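Undergrad: Have a look at the structure that comes next, please.
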Amino acid sequence: MPVGYVDGFGRGLWLKLPSAVYLAIAIVAVVFVLQNFTRMGRYIVAIGGNLQAAIVSGVPTRFYLVATYVLCSVFASISGLALTAQIGSGQAAINSQLTLESIAAAVIAGVSLKGGVGKVEMVALGALFLLILTNAMDLLTIDPRIQTIFLGVIVVLAVALDELSTRRTKRV
């Protein structure tokens, strides 16, 4: 990896914070504005909540589905570049636990795995909570395999609580 890329971007500090923090804040801000203040954001939430209802409502679902996948790919590429810059090398399986952590952050933040429910600012807070939790477990020298089991239990509990609240809402 080029030295400027790794040292300047990946491991660089701006105002005593890593550059990845500013990148994450910028991405969360863009998605927040997109989600809350644009027609596209409303359409994406509607499509995620109920595809058939969005079609019947006149939402051009094919366009917005493709646009959503493109945006997701762009953001995933940016995060991959940032991770590669931090690590200083490119590997296909840098951290297999990232998938579980991503799902856990979303579920903890109240994002429904069925779609249509969730706010990006809450997901950012969920990710921050998980970061603090995993850092604390590292400081307590808890075995990484136990940490993975713990994250899995958190995901299962969060999904169970989401399903329970959904069932209670349907009864009322």
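Residues are referred to by chain and number: the chain letter is A, B, ... according to the order shown in the structure tokens, the number counts from 1 in that chain, and ligands are numbered separately from 1 in the order shown.
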How close does each residue of segment 85-152 of chain A get to segment 2-13 of chain A, giving the shortest atom pair and distance in Å to one decimal for every residue with an atom at most 12 Å away, counting only C-alpha atoms, sorted by chain and residue number, as JSON lines?
TA:
{"residue": "A:Ala85", "atom": "CA", "partner": "A:Gly10", "partner_atom": "CA", "distance": 4.1}
{"residue": "A:Gln86", "atom": "CA", "partner": "A:Gly10", "partner_atom": "CA", "distance": 4.1}
{"residue": "A:Ile87", "atom": "CA", "partner": "A:Gly10", "partner_atom": "CA", "distance": 7.5}
{"residue": "A:Gly88", "atom": "CA", "partner": "A:Val6", "partner_atom": "CA", "distance": 5.7}
{"residue": "A:Ser89", "atom": "CA", "partner": "A:Val6", "partner_atom": "CA", "distance": 8.9}
{"residue": "A:Gly90", "atom": "CA", "partner": "A:Val6", "partner_atom": "CA", "distance": 11.4}
Undergrad: Please provide as a PDB file with N, CA and C atoms, in the first residue's frame all residues within 9 Å of segment 139-151 of chain A, with the sequence filter that same-chain residues fewer than 5 positions apart are discarded (counting only C-alpha atoms).
TA:
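The result, written out as out_31.pdb:
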ATOM      1  N   GLN A  97     -16.036 -11.238  11.373  1.00  0.00           N
ATOM      2  CA  GLN A  97     -17.009 -10.861  12.387  1.00  0.00           C
ATOM      3  C   GLN A  97     -17.730  -9.556  12.033  1.00  0.00           C
ATOM      4  N   LEU A 100     -21.546  -9.951  11.411  1.00  0.00           N
ATOM      5  CA  LEU A 100     -22.322 -10.095  12.642  1.00  0.00           C
ATOM      6  C   LEU A 100     -22.417  -8.767  13.386  1.00  0.00           C
ATOM      7  N   GLU A 101     -21.324  -8.020  13.443  1.00  0.00           N
ATOM      8  CA  GLU A 101     -21.340  -6.728  14.125  1.00  0.00           C
ATOM      9  C   GLU A 101     -22.258  -5.737  13.417  1.00  0.00           C
ATOM     10  N   ALA A 104     -25.790  -6.772  14.206  1.00  0.00           N
ATOM     11  CA  ALA A 104     -26.057  -6.494  15.617  1.00  0.00           C
ATOM     12  C   ALA A 104     -26.284  -5.001  15.842  1.00  0.00           C
ATOM     13  N   LEU A 130     -21.812  -0.887  20.266  1.00  0.00           N
ATOM     14  CA  LEU A 130     -21.093  -2.150  20.047  1.00  0.00           C
ATOM     15  C   LEU A 130     -19.585  -1.956  20.086  1.00  0.00           C
ATOM     16  N   THR A 134     -17.377  -4.080  22.603  1.00  0.00           N
ATOM     17  CA  THR A 134     -16.288  -4.973  22.191  1.00  0.00           C
ATOM     18  C   THR A 134     -14.947  -4.491  22.727  1.00  0.00           C
ATOM     19  N   VAL A 156     -29.906 -12.242  18.734  1.00  0.00           N
ATOM     20  CA  VAL A 156     -31.098 -13.077  18.927  1.00  0.00           C
ATOM     21  C   VAL A 156     -32.075 -12.408  19.884  1.00  0.00           C
TER      22      VAL A 156
END
Undergrad: Pick from A:Ser102, A:Ser112, A:Gln52, A:Ser73: nearest to Ala124 of chain A, with only C-alpha atoms counted?
TA: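 With only C-alpha atoms as the atom set, the closest residue is A:Ser102.
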Undergrad: For segment 22-24 of chain A, list every protein, DNA or RNA residue within 9 Å, evaluated using only C-alpha atoms, and leave out those in the same chain fewer than 5 positions away; present the list as a list of chain:residue names.
TA: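 The residues satisfying every condition are A:Trp14, A:Leu17, A:Ala29, A:Ile78, A:Ser79, A:Ala82, A:Ala124.
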Undergrad: Mind giving me the straight-line distance from atom CA of Gly116 of chain A to atom CA of Ala76 of chain A in Å, one decimal?
TA: 20.5 Å
Undergrad: Could you pull out all residues of chain A with a DSSP call of strand (DSSP E or B) and give them as a ChimeraX atom specification?
TA: /A:13-14,17-18
Undergrad: Which residue, A:Ile103, A:Leu164, A:Leu98, A:Val120, has the smallest gap to Val33 of chain A when you use only C-alpha atoms?
TA: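 Closest to Val33 of chain A of all the choices is A:Val120.
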Undergrad: Have a look at atom CA of Tyr43 of chain A and atom CA of Val28 of chain A and let me know their distance in Å, one decimal.
TA: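 We find that atom CA of Tyr43 of chain A and atom CA of Val28 of chain A lie 18.5 Å from each other.
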Undergrad: Pick out the residues sitting within 12 Å of Val45 of chain A, and hand them over as JSON, numbers by chain; count only C-alpha atoms, and ignore anything fewer than 2 positions along from it in its own chain.
TA: {"A": [34, 35, 36, 38, 39, 40, 41, 42, 43, 47, 48, 49, 50, 51, 53, 54, 59, 61, 64, 65, 68, 111, 112, 114, 115, 116, 117, 118, 119, 120]}
Undergrad: Rank A:Val21, A:Ala106, A:Asn135, A:Ser77 by their smallest atom-to-atom distance to Glu121 of chain A, using only C-alpha atoms, and report the top residue only.
TA: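 The closest residue to Glu121 of chain A is A:Ala106.
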Undergrad: Between atom CA of Asp162 of chain A and atom CA of Cys72 of chain A, what is the distance in Å, rounded to a tenth?
TA: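 These two atoms are separated by 24.2 Å.
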Undergrad: Would you please extract all alpha helix (DSSP H) residues from chain A, as assigned by DSSP on the backbone, and give them as a VMD selection string?
TA: chain A and resid 3 19 to 37 39 to 49 51 to 56 61 to 87 98 to 108 120 to 139 144 to 171
Undergrad: Report as a short mmCIF file (atom, residue, chain, number, x, y, z; two decimals) with all heavy atoms, in the first residue's frame all protein, DNA and RNA residues lying within 10 Å of Phe129 of chain A, evaluated on only C-alpha atoms, omitting residues in the same chain fewer than 6 positions from it.
TA:
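The resulting out_9.cif:
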data_model
loop_
_atom_site.label_atom_id
_atom_site.label_comp_id
_atom_site.auth_asym_id
_atom_site.auth_seq_id
_atom_site.Cartn_x
_atom_site.Cartn_y
_atom_site.Cartn_z
N ALA A 105 -25.47 -4.15 15.23
CA ALA A 105 -25.64 -2.70 15.39
C ALA A 105 -27.00 -2.26 14.86
O ALA A 105 -27.69 -1.45 15.49
CB ALA A 105 -24.53 -1.95 14.67
N ILE A 108 -29.84 -3.73 17.23
CA ILE A 108 -29.85 -3.02 18.51
C ILE A 108 -30.47 -1.64 18.34
O ILE A 108 -31.17 -1.15 19.22
CB ILE A 108 -28.41 -2.91 19.07
CG1 ILE A 108 -27.95 -4.26 19.59
CG2 ILE A 108 -28.32 -1.87 20.18
CD1 ILE A 108 -26.49 -4.31 19.95
N ALA A 109 -30.25 -1.03 17.18
CA ALA A 109 -30.76 0.31 16.91
C ALA A 109 -32.24 0.33 16.57
O ALA A 109 -32.81 1.39 16.38
CB ALA A 109 -29.97 0.94 15.78
N VAL A 123 -28.74 3.72 14.10
CA VAL A 123 -27.77 2.69 13.74
C VAL A 123 -26.36 3.15 14.08
O VAL A 123 -25.54 2.36 14.57
CB VAL A 123 -27.89 2.33 12.24
CG1 VAL A 123 -26.79 1.36 11.83
CG2 VAL A 123 -29.26 1.73 11.95
N ASN A 135 -14.76 -3.19 22.82
CA ASN A 135 -13.53 -2.66 23.40
C ASN A 135 -13.43 -3.04 24.88
O ASN A 135 -12.36 -3.42 25.37
CB ASN A 135 -13.47 -1.14 23.22
CG ASN A 135 -12.09 -0.59 23.49
OD1 ASN A 135 -11.12 -1.32 23.54
ND2 ASN A 135 -12.01 0.71 23.67
#
